[in-house]
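K.L.:
What follows is a structure written as structure tokens; I'll ask about it next.
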Amino acid sequence: MPRRSSRISKSKLNLTVRDVPSKGLSSRISGVDPSEVLNLLSGLERHYCYSVLWSNSVQKVETQRILPLEETLKIAERIGVKHPQDQISKEWYPMSTDFIIDIRGDGDVRKIARSVKPANQLNSVRTMEKLEIERLYWKEIDIDWGIVTEQQISINFAKNAEYFLSCLEKSEHAPIPQSLFFQVESELFQEIQTSANSLSMCALNIDKRLGFQPGTCLWFVRHLVATKNWVVDMEVLFEPSNKIEIQRSSTMLNKVGEQAQ
């Protein structure tokens, strides 16, 4: 009988990009809490992750959760399928689930588990056997589990979310003093609404008018969208070189109204 894998520490809860062979598409990004690091093993996982992070109801995202080897071995034996193992050492290899997500709603937080796979991999009998082990593990502890493919992910939405969320936190390289927040927001909004110029040109005009370094107001546009103060069509790929339609959110409208009083 194969030995239990010793390649991954028993105390380890999550895989990292260093633990799994990569085709160059792995990455590490910040989670809901900027101090948290999410390990993503494919471009598809990256797109799904940014789509999830965009949601206001998502409280926490965890990636590459290692499943208890003892439990997955029992499930594999029970349903009569081969548990994953190292092809060289023949040691049992721990299974993992790509995403564990905490979602706020109806006054509480519920946890869901999601595995991300290209749709064409679901034609593989072996892939489906491993996914069945995973599904049964989460079912036994009463946590909603599902498969996500590229068919459930809007690439434009995901790319936009990545573009904006990179400016979620204030940047020391493009500071907008809090005392100037409403002035800059107002001038930018008016320029974008009334000018026929591209977004990047509108932002540059306000940079010059207010004496900012070039790029400051474009960063601020992205920050305003990331913080949901401004609203754009997330299904249309955001191109600053184009004329962009932007609306104030109800939250921003309330802030502007309070500021005017």
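Just so we're on the same page: first chain in the structure tokens is A, next is B, and so on; residues restart at 1 for each chain, and ligands are numbered from 1 in the order they show up.
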List as a tab-separated table (two decimals) with N, CA and C atoms, in the first residue's frame the protein and nucleic acid residues near segment 50-62 of chain A, meaning an atom at most 6 Å away when only C-alpha atoms are counted, but skip any in the same chain fewer than 2 places from it.
P.N.:
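Result file follows (result-v6.tsv):
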```tsv
chain	number	residue	atom	x	y	z
A	32	VAL	N	-9.52	40.04	0.65
A	32	VAL	CA	-10.40	41.09	1.15
A	32	VAL	C	-9.63	41.96	2.14
A	47	HIS	N	-9.16	34.96	-12.62
A	47	HIS	CA	-10.36	35.66	-13.08
A	47	HIS	C	-11.52	35.44	-12.11
A	48	TYR	N	-11.69	34.20	-11.66
A	48	TYR	CA	-12.77	33.91	-10.72
A	48	TYR	C	-12.56	34.66	-9.41
A	99	PHE	N	-11.24	27.29	-3.62
A	99	PHE	CA	-11.72	28.49	-2.93
A	99	PHE	C	-12.68	28.12	-1.79
A	100	ILE	N	-12.45	28.76	-0.65
A	100	ILE	CA	-13.41	28.75	0.45
A	100	ILE	C	-13.80	30.21	0.66
A	101	ILE	N	-15.10	30.50	0.57
A	101	ILE	CA	-15.56	31.88	0.57
A	101	ILE	C	-16.59	32.09	1.67
A	102	ASP	N	-16.39	33.11	2.49
A	102	ASP	CA	-17.36	33.51	3.51
A	102	ASP	C	-18.22	34.62	2.94
A	103	ILE	N	-19.54	34.40	2.95
A	103	ILE	CA	-20.47	35.35	2.35
A	103	ILE	C	-21.45	35.85	3.40
A	104	ARG	N	-21.57	37.17	3.50
A	104	ARG	CA	-22.54	37.78	4.41
A	104	ARG	C	-23.91	37.80	3.75
A	158	ALA	N	-14.06	40.27	-14.83
A	158	ALA	CA	-12.91	39.91	-14.00
A	158	ALA	C	-11.73	40.84	-14.25
A	161	ALA	N	-12.48	44.18	-12.67
A	161	ALA	CA	-12.35	44.10	-11.21
A	161	ALA	C	-10.88	44.15	-10.80
A	162	GLU	N	-10.03	43.43	-11.51
A	162	GLU	CA	-8.60	43.45	-11.20
A	162	GLU	C	-8.02	44.85	-11.39
```
K.L.:
Would you list the contacts of Asn39 of chain A as a PDB file with C-alpha atoms, in the first residue's frame, taking every protein, DNA or RNA residue within 12 Å and counting only C-alpha atoms, but skipping same-chain residues closer than 5 positions in sequence?
P.N.:
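Full text of out.pdb as output:
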```pdb
ATOM      1  CA  ASN A  14      -3.308  25.661   2.411  1.00  0.00           C
ATOM      2  CA  LEU A  15      -1.209  25.001  -0.657  1.00  0.00           C
ATOM      3  CA  THR A  16       0.878  27.810  -2.120  1.00  0.00           C
ATOM      4  CA  VAL A  17       2.149  28.402  -5.646  1.00  0.00           C
ATOM      5  CA  ARG A  18       5.435  26.774  -4.539  1.00  0.00           C
ATOM      6  CA  ASP A  19       3.719  23.478  -3.704  1.00  0.00           C
ATOM      7  CA  VAL A  20       2.143  22.825  -7.090  1.00  0.00           C
ATOM      8  CA  SER A  22       2.888  25.574 -12.630  1.00  0.00           C
ATOM      9  CA  LEU A  25       0.084  31.109 -14.765  1.00  0.00           C
ATOM     10  CA  SER A  26       0.228  30.977 -10.976  1.00  0.00           C
ATOM     11  CA  SER A  27       0.039  34.220  -9.028  1.00  0.00           C
ATOM     12  CA  ARG A  28      -0.328  35.686  -5.546  1.00  0.00           C
ATOM     13  CA  ILE A  29      -2.732  38.553  -4.855  1.00  0.00           C
ATOM     14  CA  SER A  30      -4.225  40.341  -1.851  1.00  0.00           C
ATOM     15  CA  GLY A  31      -7.496  39.151  -0.364  1.00  0.00           C
ATOM     16  CA  GLU A  45      -8.640  30.928 -10.906  1.00  0.00           C
ATOM     17  CA  ARG A  46      -7.341  34.501 -11.067  1.00  0.00           C
ATOM     18  CA  CYS A  49     -11.017  35.318  -7.670  1.00  0.00           C
ATOM     19  CA  VAL A  61     -11.625  34.384   0.615  1.00  0.00           C
ATOM     20  CA  GLU A  62      -9.283  31.464   1.264  1.00  0.00           C
ATOM     21  CA  THR A  63      -7.477  29.582  -1.492  1.00  0.00           C
ATOM     22  CA  GLN A  64      -6.098  26.068  -1.937  1.00  0.00           C
ATOM     23  CA  ARG A  65      -7.502  24.592   1.289  1.00  0.00           C
ATOM     24  CA  THR A  97     -10.270  22.845  -2.815  1.00  0.00           C
ATOM     25  CA  ASP A  98      -9.532  25.993  -4.795  1.00  0.00           C
ATOM     26  CA  PHE A  99     -11.722  28.488  -2.927  1.00  0.00           C
TER      27      PHE A  99
END
```
K.L.:
Report the residues of segment 21-76 of chain A whose backbone DSSP state falls under helix (DSSP H, G or I), written as JSON, numbers by chain.
P.N.:
{"A": [43, 44, 45, 46, 47, 48, 49, 50, 51, 52, 53, 69, 70, 71, 72, 73, 74, 75, 76]}
K.L.:
So which one's closest to Asn160 of chain A, A:Glu191, A:Glu245, A:Asp86, A:Asp233? Using only C-alpha atoms, please.
P.N.:
A:Asp233
K.L.:
List every residue of segment 7-254 of chain A that DSSP, applied to the backbone of this structure, places in strand (DSSP E or B), and write the result as number ranges by chain.
P.N.:
A: 14, 27-30, 37-40, 58-66, 85, 92, 96-105, 108-116, 144-148, 230-231, 247-248
